[in-house]
Every structure is written in structure tokens, then in C-alpha cells.
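Reproduced below: work29.txt, with compact mmCIF, C-alpha atoms.
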```txt
# COMPACT_ATOMS: atom_id res chain seq x y z
CA MET A 15 -77.76 -186.41 46.50
CA LYS A 16 -80.50 -185.40 44.04
CA ILE A 17 -79.31 -184.61 40.49
CA ASP A 18 -81.35 -182.97 37.68
CA LEU A 19 -80.19 -182.16 34.15
CA HIS A 20 -80.66 -178.62 32.75
CA TYR A 21 -79.58 -176.74 29.59
CA ILE A 22 -78.50 -173.12 30.10
CA PRO A 23 -77.50 -170.70 27.30
CA VAL A 24 -74.15 -168.96 27.53
CA ARG A 25 -76.07 -165.66 27.52
CA SER A 26 -77.52 -166.53 30.92
CA LEU A 27 -74.23 -167.88 32.26
CA VAL A 28 -72.27 -164.67 31.54
CA ASP A 29 -75.03 -162.38 32.78
CA GLY A 30 -73.67 -160.50 35.79
CA TYR A 31 -70.20 -162.08 35.50
CA GLU A 32 -67.74 -160.45 37.88
CA ASN A 33 -64.28 -161.53 39.00
CA ARG A 34 -63.78 -160.06 42.47
CA GLY A 35 -60.33 -161.56 42.99
CA TYR A 36 -60.03 -163.22 46.37
CA GLU A 37 -63.61 -162.32 47.21
CA GLY A 38 -64.76 -164.74 44.53
CA VAL A 39 -66.17 -164.94 41.02
CA VAL A 40 -69.88 -164.80 40.21
CA GLY A 41 -72.10 -165.21 37.15
CA TYR A 42 -75.62 -166.22 36.13
CA GLY A 43 -77.17 -162.96 37.27
CA GLY A 44 -75.07 -163.01 40.44
CA LEU A 45 -76.65 -166.31 41.53
CA LEU A 46 -73.73 -168.60 40.63
CA ASP A 47 -70.60 -168.82 42.77
CA ILE A 48 -68.10 -169.76 40.06
CA ARG A 49 -65.11 -170.22 42.35
CA PRO A 50 -66.16 -171.79 45.66
CA LYS A 51 -63.53 -172.28 48.35
CA PHE A 52 -63.01 -175.94 47.46
CA GLN A 53 -62.23 -175.16 43.82
CA ARG A 54 -58.67 -174.96 42.54
CA GLU A 55 -57.35 -171.66 41.21
CA PHE A 56 -58.01 -171.03 37.51
CA ILE A 57 -55.21 -172.85 35.66
CA TYR A 58 -56.23 -173.16 31.98
CA ASP A 59 -53.58 -171.75 29.67
CA ILE A 60 -54.46 -169.64 26.63
CA LYS A 61 -54.46 -172.64 24.28
CA GLN A 62 -56.97 -174.49 26.48
CA ARG A 63 -59.20 -171.42 26.85
CA ARG A 64 -59.28 -170.91 23.10
CA ALA A 65 -60.16 -174.57 22.62
CA VAL A 66 -63.28 -174.07 24.74
CA ILE A 67 -64.45 -171.19 22.52
CA GLU A 68 -63.59 -173.05 19.33
CA THR A 69 -65.63 -176.01 20.58
CA ILE A 70 -68.64 -173.74 21.04
CA LEU A 71 -68.23 -172.06 17.65
CA GLU A 72 -68.11 -175.49 15.99
CA GLY A 73 -71.26 -176.49 17.85
CA PHE A 74 -69.54 -179.45 19.49
CA PRO A 75 -70.67 -180.49 22.99
CA LEU A 76 -68.69 -179.43 26.03
CA ASN A 77 -68.38 -181.86 28.90
CA VAL A 78 -71.24 -181.70 31.38
CA MET A 79 -70.90 -179.29 34.32
CA TYR A 80 -72.23 -179.60 37.86
CA TRP A 81 -73.87 -176.90 39.99
CA SER A 82 -75.02 -177.45 43.55
CA LEU A 83 -78.17 -175.72 44.80
CA GLN A 84 -78.31 -173.77 48.02
CA THR A 85 -80.86 -171.48 49.61
CA ASP A 86 -79.85 -168.01 50.78
CA PRO A 87 -80.80 -167.90 54.50
CA VAL A 88 -81.75 -164.21 54.31
CA SER A 89 -83.60 -163.83 51.02
CA GLY A 90 -84.72 -167.43 50.69
CA ARG A 91 -83.79 -167.41 47.00
CA THR A 92 -82.11 -170.32 45.27
CA GLU A 93 -78.43 -169.79 44.54
CA TYR A 94 -75.81 -172.02 42.94
CA GLU A 95 -72.30 -173.13 43.63
CA LEU A 96 -70.16 -174.42 40.76
CA LEU A 97 -69.22 -177.95 41.74
CA ASP A 98 -67.28 -178.87 38.58
CA GLY A 99 -66.53 -176.93 35.38
CA GLN A 100 -64.72 -173.84 36.64
CA GLN A 101 -62.08 -173.91 33.89
CA ARG A 102 -64.65 -174.01 31.08
CA THR A 103 -66.94 -171.49 32.77
CA MET A 104 -64.14 -168.99 33.37
CA SER A 105 -62.92 -169.41 29.78
CA ILE A 106 -66.37 -168.65 28.38
CA CYS A 107 -66.96 -165.65 30.63
CA GLU A 108 -63.51 -164.17 30.07
CA PHE A 109 -63.84 -164.45 26.30
CA VAL A 110 -67.20 -162.69 26.27
CA GLU A 111 -65.67 -160.04 28.53
CA GLY A 112 -62.93 -159.48 25.91
CA GLU A 113 -59.98 -160.80 27.94
CA PHE A 114 -58.52 -162.96 25.15
CA SER A 115 -58.97 -163.68 21.45
CA VAL A 116 -59.42 -166.69 19.20
CA GLU A 117 -58.20 -167.13 15.63
CA ILE A 118 -60.93 -167.08 12.98
CA ASP A 119 -60.11 -167.20 9.26
CA GLY A 120 -56.46 -166.59 10.12
CA TYR A 121 -57.10 -163.46 12.24
CA PRO A 122 -57.20 -163.09 16.04
CA LYS A 123 -60.62 -161.83 17.12
CA ASN A 124 -62.09 -160.81 20.46
CA PHE A 125 -65.76 -161.36 21.16
CA ASP A 126 -66.60 -157.76 20.16
CA ASN A 127 -64.90 -158.28 16.77
CA LEU A 128 -66.96 -161.32 15.89
CA SER A 129 -69.82 -161.13 13.46
CA ILE A 130 -73.28 -160.85 14.99
CA GLU A 131 -73.90 -164.39 13.77
CA ASP A 132 -70.86 -165.77 15.63
CA GLN A 133 -71.68 -163.73 18.74
CA ASN A 134 -75.17 -165.17 18.82
CA LYS A 135 -73.79 -168.65 18.13
CA ILE A 136 -71.80 -168.33 21.35
CA LEU A 137 -74.48 -166.61 23.44
CA GLU A 138 -77.19 -169.08 22.46
CA TYR A 139 -75.00 -172.16 22.86
CA LYS A 140 -76.61 -174.52 25.38
CA ILE A 141 -74.43 -175.74 28.24
CA MET A 142 -75.40 -179.05 29.80
CA ILE A 143 -75.52 -178.68 33.59
CA TYR A 144 -76.52 -181.04 36.37
CA HIS A 145 -78.17 -179.35 39.36
CA CYS A 146 -77.15 -181.21 42.50
CA GLU A 147 -78.85 -180.97 45.90
CA GLY A 148 -77.27 -182.26 49.10
CA GLY A 149 -75.34 -181.39 52.24
CA GLU A 150 -71.81 -180.02 52.48
CA ASP A 151 -70.24 -183.43 53.00
CA GLU A 152 -72.11 -184.83 50.01
CA LYS A 153 -71.01 -181.94 47.79
CA LEU A 154 -67.36 -182.28 48.72
CA ARG A 155 -67.46 -186.04 48.24
CA TRP A 156 -69.16 -185.62 44.86
CA PHE A 157 -66.62 -182.98 43.88
CA GLU A 158 -63.78 -185.39 44.63
CA ILE A 159 -65.41 -188.24 42.70
CA ILE A 160 -66.18 -186.30 39.51
CA ASN A 161 -62.66 -184.88 39.43
CA ILE A 162 -61.14 -188.36 39.45
CA ALA A 163 -62.34 -188.75 35.88
CA GLY A 164 -60.67 -185.47 34.90
CA GLU A 165 -57.59 -183.84 36.37
CA THR A 166 -57.11 -185.42 39.76
CA LEU A 167 -57.04 -182.99 42.65
CA LYS A 168 -53.79 -182.47 44.48
CA ALA A 169 -53.70 -183.21 48.21
CA GLN A 170 -53.58 -179.53 49.17
CA GLU A 171 -56.55 -178.70 46.95
CA LEU A 172 -58.59 -181.29 48.84
CA ARG A 173 -57.39 -179.95 52.19
CA ASN A 174 -58.51 -176.48 51.07
CA ALA A 175 -61.96 -177.93 50.46
CA ILE A 176 -62.19 -179.10 54.07
CA TYR A 177 -60.53 -176.31 56.05
CA THR A 178 -62.16 -173.24 54.54
CA GLY A 179 -62.32 -170.01 56.46
CA PRO A 180 -60.72 -166.57 56.78
CA TRP A 181 -57.28 -168.07 57.45
CA LEU A 182 -57.26 -169.97 54.16
CA SER A 183 -58.54 -166.99 52.18
CA ASP A 184 -55.69 -164.86 53.53
CA ALA A 185 -53.10 -167.61 53.03
CA LYS A 186 -54.07 -167.93 49.37
CA ARG A 187 -53.47 -164.19 49.00
CA TYR A 188 -49.77 -164.89 49.57
CA PHE A 189 -49.20 -168.41 48.26
CA SER A 190 -51.66 -169.46 45.57
CA ARG A 191 -50.38 -167.91 42.36
CA GLU A 192 -47.18 -167.11 40.56
CA ASN A 193 -45.95 -163.54 40.96
CA GLN A 194 -47.58 -163.21 44.36
CA ALA A 195 -45.58 -162.35 47.46
CA ALA A 196 -44.40 -165.85 48.41
CA HIS A 197 -43.48 -166.89 44.87
CA LEU A 198 -41.61 -163.66 44.13
CA LEU A 199 -39.71 -163.93 47.41
CA SER A 200 -38.72 -167.57 47.12
CA ARG A 201 -38.55 -168.56 43.47
CA ASP A 202 -34.73 -168.83 43.48
CA TYR A 203 -34.64 -170.81 46.74
CA VAL A 204 -37.77 -172.96 46.82
CA ASN A 205 -39.13 -175.51 44.38
CA ALA A 206 -42.67 -174.17 44.19
CA GLY A 207 -44.08 -176.94 42.01
CA GLU A 208 -47.46 -176.07 40.56
CA VAL A 209 -48.20 -172.85 42.43
CA ASP A 210 -51.73 -172.58 41.04
CA ARG A 211 -52.47 -176.01 42.43
CA GLN A 212 -51.38 -175.04 45.94
CA ALA A 213 -47.93 -176.68 46.00
CA LEU A 214 -46.25 -173.61 47.50
CA LEU A 215 -48.96 -173.26 50.16
CA GLU A 216 -48.50 -176.93 51.04
CA LYS A 217 -44.74 -176.45 51.39
CA ALA A 218 -45.16 -173.36 53.57
CA ILE A 219 -47.51 -175.19 55.95
CA SER A 220 -45.22 -178.23 56.11
CA TRP A 221 -42.34 -175.93 57.07
CA ILE A 222 -44.17 -174.54 60.07
CA ALA A 223 -46.21 -177.62 61.03
CA GLY A 224 -44.01 -180.54 59.95
CA LYS A 225 -44.15 -182.85 56.95
CA GLY A 226 -47.03 -185.23 56.40
CA ASP A 227 -50.73 -185.04 55.70
CA ASP A 228 -51.72 -185.28 59.38
CA ASN A 229 -49.48 -182.38 60.42
CA ILE A 230 -50.73 -180.16 57.62
CA LYS A 231 -54.37 -180.98 58.32
CA SER A 232 -53.92 -180.41 62.05
CA TYR A 233 -52.38 -176.98 61.46
CA MET A 234 -55.09 -175.92 59.02
CA ASN A 235 -57.85 -177.11 61.33
CA GLU A 236 -56.33 -175.30 64.32
CA HIS A 237 -56.03 -172.00 62.44
CA ARG A 238 -58.92 -172.10 59.95
CA LEU A 239 -60.96 -169.50 61.86
CA ASP A 240 -58.00 -167.17 62.45
CA PRO A 241 -58.62 -163.75 60.87
CA ASN A 242 -55.41 -163.95 58.84
CA ALA A 243 -52.40 -166.08 57.96
CA HIS A 244 -49.76 -163.62 59.15
CA ALA A 245 -47.95 -166.22 61.27
CA LEU A 246 -47.54 -168.57 58.30
CA TRP A 247 -46.34 -165.79 55.99
CA THR A 248 -43.94 -164.39 58.61
CA TYR A 249 -42.36 -167.79 59.25
CA PHE A 250 -42.01 -168.54 55.55
CA LYS A 251 -40.49 -165.11 54.92
CA ASN A 252 -38.04 -165.47 57.84
CA VAL A 253 -36.81 -168.84 56.56
CA VAL A 254 -36.30 -167.63 52.99
CA ASP A 255 -34.66 -164.36 54.08
CA TRP A 256 -32.25 -166.32 56.27
CA ALA A 257 -31.41 -168.65 53.36
CA LYS A 258 -30.74 -165.67 51.09
CA LEU A 259 -28.43 -163.99 53.60
CA THR A 260 -26.58 -167.21 54.39
CA PHE A 261 -26.14 -168.41 50.79
CA PRO A 262 -26.58 -165.35 48.56
CA VAL A 263 -25.10 -166.86 45.38
CA LYS A 264 -27.99 -168.29 43.34
CA ARG A 265 -27.78 -171.81 41.97
CA SER A 266 -30.54 -174.15 40.82
CA TYR A 267 -29.61 -176.62 43.59
CA LEU A 268 -30.86 -174.15 46.20
CA ARG A 269 -34.46 -175.06 45.39
CA SER A 270 -34.06 -178.58 46.81
CA VAL A 271 -32.55 -177.61 50.17
CA PRO A 272 -34.66 -178.21 53.34
CA TRP A 273 -34.33 -174.60 54.43
CA ASN A 274 -36.76 -174.81 57.33
CA VAL A 275 -34.69 -177.58 58.96
CA LEU A 276 -31.45 -175.63 58.61
CA TYR A 277 -33.14 -172.41 59.76
CA GLU A 278 -34.30 -174.02 63.00
CA GLN A 279 -30.81 -175.36 63.68
CA PHE A 280 -28.71 -172.34 62.71
CA LYS A 281 -30.90 -169.20 62.74
CA ASP A 282 -29.10 -167.88 65.84
CA ALA A 283 -25.59 -168.88 64.73
CA THR A 284 -23.03 -166.38 63.48
CA LEU A 285 -22.17 -167.54 59.97
CA ASP A 286 -19.63 -166.20 57.46
CA SER A 287 -21.44 -166.18 54.11
CA GLN A 288 -18.25 -165.70 52.09
CA ALA A 289 -16.47 -168.57 53.83
CA LEU A 290 -19.51 -170.75 53.24
CA GLU A 291 -19.56 -169.79 49.56
CA ASP A 292 -15.88 -170.73 49.22
CA ARG A 293 -16.67 -174.20 50.55
CA VAL A 294 -19.70 -174.50 48.25
CA LYS A 295 -17.50 -173.76 45.22
CA THR A 296 -14.95 -176.36 46.25
CA LEU A 297 -17.57 -179.05 46.78
CA MET A 298 -19.42 -178.20 43.56
CA SER A 299 -16.29 -179.19 41.63
CA ASP A 300 -15.73 -182.42 43.59
CA ASP A 301 -16.75 -185.32 41.34
CA GLU A 302 -17.24 -187.53 44.39
CA VAL A 303 -20.31 -185.47 45.38
CA GLN A 304 -23.40 -186.84 43.63
CA LYS A 305 -26.10 -184.76 45.37
CA ARG A 306 -25.12 -181.13 45.02
CA SER A 307 -28.20 -179.78 46.74
CA GLY A 308 -26.91 -181.59 49.84
CA ILE A 309 -23.76 -179.46 49.90
CA TYR A 310 -25.57 -176.73 51.82
CA THR A 311 -26.77 -179.14 54.48
CA TYR A 312 -23.34 -180.78 54.74
CA ILE A 313 -21.49 -177.48 55.14
CA LEU A 314 -23.64 -176.55 58.11
CA THR A 315 -24.19 -179.95 59.74
CA GLY A 316 -21.16 -181.98 58.68
CA ASP A 317 -23.42 -184.89 57.72
CA GLU A 318 -21.74 -186.61 54.76
CA ARG A 319 -24.93 -188.56 53.96
CA ALA A 320 -26.40 -185.35 52.53
CA LEU A 321 -23.81 -185.41 49.73
CA GLY A 322 -24.74 -188.75 48.21
CA LEU A 323 -21.04 -189.53 47.85
CA ARG A 324 -19.97 -191.94 45.13
CA VAL A 325 -19.95 -195.59 46.14
CA PHE A 326 -17.86 -198.44 44.87
CA THR A 327 -19.29 -200.48 42.02
CA ASP A 328 -20.03 -204.17 42.47
CA ASN A 329 -17.06 -204.94 40.23
CA GLN A 330 -14.69 -202.81 42.33
CA LYS A 331 -15.94 -204.49 45.49
CA ARG A 332 -15.62 -207.95 43.96
CA VAL A 333 -11.99 -207.26 42.94
CA ALA A 334 -11.16 -206.09 46.47
CA TYR A 335 -12.92 -209.11 47.99
CA GLU A 336 -10.95 -211.57 45.87
CA THR A 337 -7.69 -209.74 46.58
CA GLN A 338 -8.40 -210.02 50.33
CA ASN A 339 -9.53 -213.66 49.98
CA GLY A 340 -12.70 -212.67 51.82
CA ILE A 341 -10.81 -211.66 54.95
CA CYS A 342 -11.89 -208.53 56.80
CA PRO A 343 -8.70 -206.51 57.56
CA ARG A 344 -10.22 -205.17 60.79
CA CYS A 345 -11.24 -208.35 62.60
CA GLY A 346 -9.30 -210.90 60.52
CA GLU A 347 -12.34 -213.16 60.00
CA HIS A 348 -13.59 -214.63 56.72
CA PHE A 349 -16.98 -213.57 55.34
CA GLU A 350 -19.07 -214.24 52.27
CA PHE A 351 -19.17 -211.37 49.77
CA GLU A 352 -22.75 -210.45 50.70
CA ALA A 353 -21.75 -210.01 54.34
CA MET A 354 -19.21 -207.28 53.56
CA ASP A 355 -19.30 -203.61 52.57
CA GLY A 356 -17.05 -201.58 50.30
CA ASP A 357 -15.05 -199.06 52.33
CA HIS A 358 -12.69 -196.19 51.49
CA ILE A 359 -9.18 -196.90 52.82
CA VAL A 360 -8.53 -193.15 52.83
CA PRO A 361 -11.84 -191.45 53.75
CA TRP A 362 -13.38 -188.91 51.38
CA ALA A 363 -13.01 -186.20 54.02
CA LYS A 364 -9.24 -186.74 53.89
CA GLY A 365 -9.05 -186.70 50.11
CA GLY A 366 -9.78 -190.33 49.36
CA LYS A 367 -11.30 -191.15 45.98
CA THR A 368 -13.72 -193.87 44.94
CA ILE A 369 -11.18 -195.80 42.89
CA GLN A 370 -10.05 -199.43 42.92
CA SER A 371 -6.80 -198.77 44.80
CA ASN A 372 -8.72 -197.07 47.61
CA CYS A 373 -11.28 -199.86 48.04
CA GLN A 374 -11.28 -202.43 50.82
CA MET A 375 -13.96 -204.84 51.97
CA LEU A 376 -14.94 -204.75 55.63
CA CYS A 377 -17.42 -206.99 57.36
CA ILE A 378 -20.72 -205.22 57.89
CA ARG A 379 -20.21 -205.09 61.65
CA ASP A 380 -16.84 -203.35 61.44
CA ASN A 381 -17.79 -201.04 58.58
CA ARG A 382 -20.93 -199.79 60.30
CA SER A 383 -19.46 -199.56 63.79
CA GLY A 384 -17.36 -196.57 62.70
CA SER A 385 -14.32 -198.01 64.42
```

Could you rewrite the structure in this file as C-alpha cells?
Amino acid sequence: MKIDLHYIPVRSLVDGYENRGYEGVVGYGGLLDIRPKFQREFIYDIKQRRAVIETILEGFPLNVMYWSLQTDPVSGRTEYELLDGQQRTMSICEFVEGEFSVEIDGYPKNFDNLSIEDQNKILEYKIMIYHCEGGEDEKLRWFEIINIAGETLKAQELRNAIYTGPWLSDAKRYFSRENQAAHLLSRDYVNAGEVDRQALLEKAISWIAGKGDDNIKSYMNEHRLDPNAHALWTYFKNVVDWAKLTFPVKRSYLRSVPWNVLYEQFKDATLDSQALEDRVKTLMSDDEVQKRSGIYTYILTGDERALGLRVFTDNQKRVAYETQNGICPRCGEHFEFEAMDGDHIVPWAKGGKTIQSNCQMLCIRDNRSGS
């Protein structure tokens, strides 16, 4: 890849700036694609954006940015794609457009309220930019490398860089920002992570395609040229709607439940939401249950492993072992301590507690045979 250093004034950068939403963001007289498909959504908070402007006003250097060159196949003119520096570029352009203020001499001021001197200080500030020429694979590889030194890309952001197309553009319309359709629908039932960094999109795809990088990539590759992401949105919406109808009482634990797994198992079952809620309440107050998000899975599947039930401490097990003289009460044979498991004499499901008087040591074979 060929790389050349250039200095561009802010005045030229903000010329023709336009944020077209999901159709993209442009600047530099319409020649610069500020938000290419492989870029993450704009995630700087107001403090970070103001810091960019304050850096410029102080005359301090901003970190170098990278633009890739490309030739328009119709007009033959040279255009640019922002390879790295979206957060700083958007901050500069939005400030000049009057979208936020900075504090100067104790007063918040928009660009239009600045003195002519300060306005010119910003507009004439020189940004250091490397122009990079190379193929698509080279650009994406370079983009990944230069971001390692900054804020490392999340896995889904890198997948977005590879599987661009109309499907991804439509999927991001639902899943890529807070207060969009998917986030508003699911925020009480799904741990969205960093929505701006594609965590909710990643979860939605894993629900329909299966967990794991290979499954997600395979799904995105298969559908990348689809005209829309309606199937993904419909499935996600169906799962969340089912969860809301089945367990309508909101609790923070709901966000850690594998709803897609339960949906596939029980979507056609007739369930009594009130009866389920009564059981949830009972289990929420059971101090034997260590994993409360697993209550919802347990109630439907009966799998006690989902509850993370309390286990006997090493001391409790050692006391029981010595009391039994190392003899397993099931098979009557002697075992070393390490070859035995702590077991509830009265099972939890029948009211047994994890206390010393309810602890016995069984040999591993008997304890795990379920007999």
C-alpha cells in the first residue's frame, strides 16, 4: 500500500459536510466518505468531542488520520474514504455545524458565538492526513492494524467490514444504536452491551444463526446481498415478544436469559404466565439459588444446573468424610477424600438445604450415576 502525508485545513474538511444518516456522511467538498461501511458508528461522548475542539483551539496536534484514495468509475475523479479518524472528523464537523458547544472563559459557546479570531484558528488548523492507495483487502487489513493501537475493534465491527451490502445497511437501521427499534423493544429483556459497537446486532444474528464466529460469518455472507434484513428483525422481535408475554414482570435478571433457546423449545406450548410468575417469586427468595437468571430456564426445562445451586464447602465435605470414615453409604466401599463428592441427603427439590446435617459423601461413581 502506498502512503503519502498531507496537511489539510479544517476549512477544507468541513466544506460540503453532510450527515445523511444511514446513507452515509460526506465532507471535503463531497469527495470524502467519512463513514464507510467498515467504520464503527460514531461513539464519542460530549466530553470527548469537546476535547477535540479544545485541542485545536490550543494549537496542539491531533493524532494523524488516514484516508484511502479511490477513483470514481463514472467521472474518473479522485475520491476519498476515511480509513481512520472518524471520531475526530465527526467532532470537528459537528462543532462547526453548531451541534454542540465548548466552554471558553467560563461560558459555553457554539462555533457561531466564537470570535472571528477563534473561528479562523479552527478553520485554518492543519490536520495531518496520510493518503493511502491500495486494494480493498489492503485497506481493510490496514484499518484493522491501525485500530489496534487505539480502541480495538469488536468482532462484529470487523465482520461488518467484510460482509457489507444492502442487508447490513438495513440491519444497522434496526440494531446499531440506542433508541432504535431493537433496543427500545428489548432493553428490559436483553443485555445489549455496547449497542453503538454492534453488540446487539451480534446477539440478534447469533440467535438466528447460532453462537460462534463461524455461524455469524456464515449467516452474514449468505444474506449480505439480500435487499433487507426483515427476516433477522422478525425473528428477534418474535423471540422478545414471546419472552415479554411469558414473563411480563420486569427484573434485571431477565437480561441474561437465553431467550432464543427457550423460544425454540416452548414457543408453541400453552403457558400460564401467572403460575410461572408465582414460581419465579418463590425461587427468587430461595437462598440456595445462586444464579437467579437461571430461574427462568429451570422453570421451563426443569434443569437444576441452570440455578447454580449452593454446594457444600470443603470443610463441610471433610467433616462428613471423617464422620463416615471414608465409606460410601451407597456401595459400602472406602475411598480417598478426592474420590468422593458432597451430596444432599435430602435433595434441594424436596426441601433439602446445603447445611452440615444434610451432607453426605458419595463415591464419584454413585453420586454421578443418579442412582

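One finds atom CA of Thr368 of chain A at 24.5 Å from atom CA of Glu347 of chain A.
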
#### Entry: Residues near segment 301-310 of chain A, cut-off 8 Å, all atoms listed in the file, skip fewer than 4 positions along chain, as a list in words
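Once the nearby chain positions are removed, what remains is Tyr267, Leu268, Arg269, Ser270, Val271, Val294, Leu297, Leu314, Ala320, Leu321, Gly322, Leu323, Arg324, Lys367 and Thr368 of chain A.
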
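Nearest to Ile378 of chain A of all the residues A:Ala245, A:Val253, A:Val333, A:Cys345 is A:Cys345, counting all atoms listed in the file.
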
Each residue of segment 88-206 of chain A with at least one atom at most 7 Å from segment 76-83 of chain A should appear once, together with its nearest atom pair and the corresponding distance in Å (one decimal); atoms considered: all atoms listed in the file; ordering: chain, then increasing residue number; output as JSON lines.
```
{"residue": "A:Thr92", "atom": "CA", "partner": "A:Leu83", "partner_atom": "CA", "distance": 6.7}
{"residue": "A:Glu93", "atom": "CA", "partner": "A:Leu83", "partner_atom": "CA", "distance": 5.9}
{"residue": "A:Tyr94", "atom": "CA", "partner": "A:Leu83", "partner_atom": "CA", "distance": 4.8}
{"residue": "A:Glu95", "atom": "CA", "partner": "A:Ser82", "partner_atom": "CA", "distance": 5.1}
{"residue": "A:Leu96", "atom": "CA", "partner": "A:Trp81", "partner_atom": "CA", "distance": 4.5}
{"residue": "A:Leu97", "atom": "CA", "partner": "A:Trp81", "partner_atom": "CA", "distance": 5.1}
{"residue": "A:Asp98", "atom": "CA", "partner": "A:Tyr80", "partner_atom": "CA", "distance": 5.1}
{"residue": "A:Gly99", "atom": "CA", "partner": "A:Met79", "partner_atom": "CA", "distance": 5.1}
{"residue": "A:Met142", "atom": "CA", "partner": "A:Val78", "partner_atom": "CA", "distance": 5.2}
{"residue": "A:Ile143", "atom": "CA", "partner": "A:Met79", "partner_atom": "CA", "distance": 4.7}
{"residue": "A:Tyr144", "atom": "CA", "partner": "A:Tyr80", "partner_atom": "CA", "distance": 4.8}
{"residue": "A:His145", "atom": "CA", "partner": "A:Trp81", "partner_atom": "CA", "distance": 5.0}
{"residue": "A:Cys146", "atom": "CA", "partner": "A:Ser82", "partner_atom": "CA", "distance": 4.4}
{"residue": "A:Glu147", "atom": "CA", "partner": "A:Leu83", "partner_atom": "CA", "distance": 5.4}
```

### Query
Which residue gives the smallest distance to Ser190 of chain A among A:Thr315, A:Asn205, A:Gln212, A:Thr248, with all atoms listed in the file counted?
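Comparing A:Thr315, A:Asn205, A:Gln212, A:Thr248 against Ser190 of chain A, the winner is A:Gln212.
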
Box dimensions and centre (Å, one decimal) enclosing segment 231-237 of chain A, axis-aligned, 5 Å extra per side, as lines of an AutoDock Vina configuration file:
```
center_x = -55.1
center_y = -176.5
center_z = 61.3
size_x = 15.5
size_y = 19.0
size_z = 16.0
```

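The space between atom CA of Asn329 of chain A and atom CA of Gln370 of chain A spans 9.3 Å.
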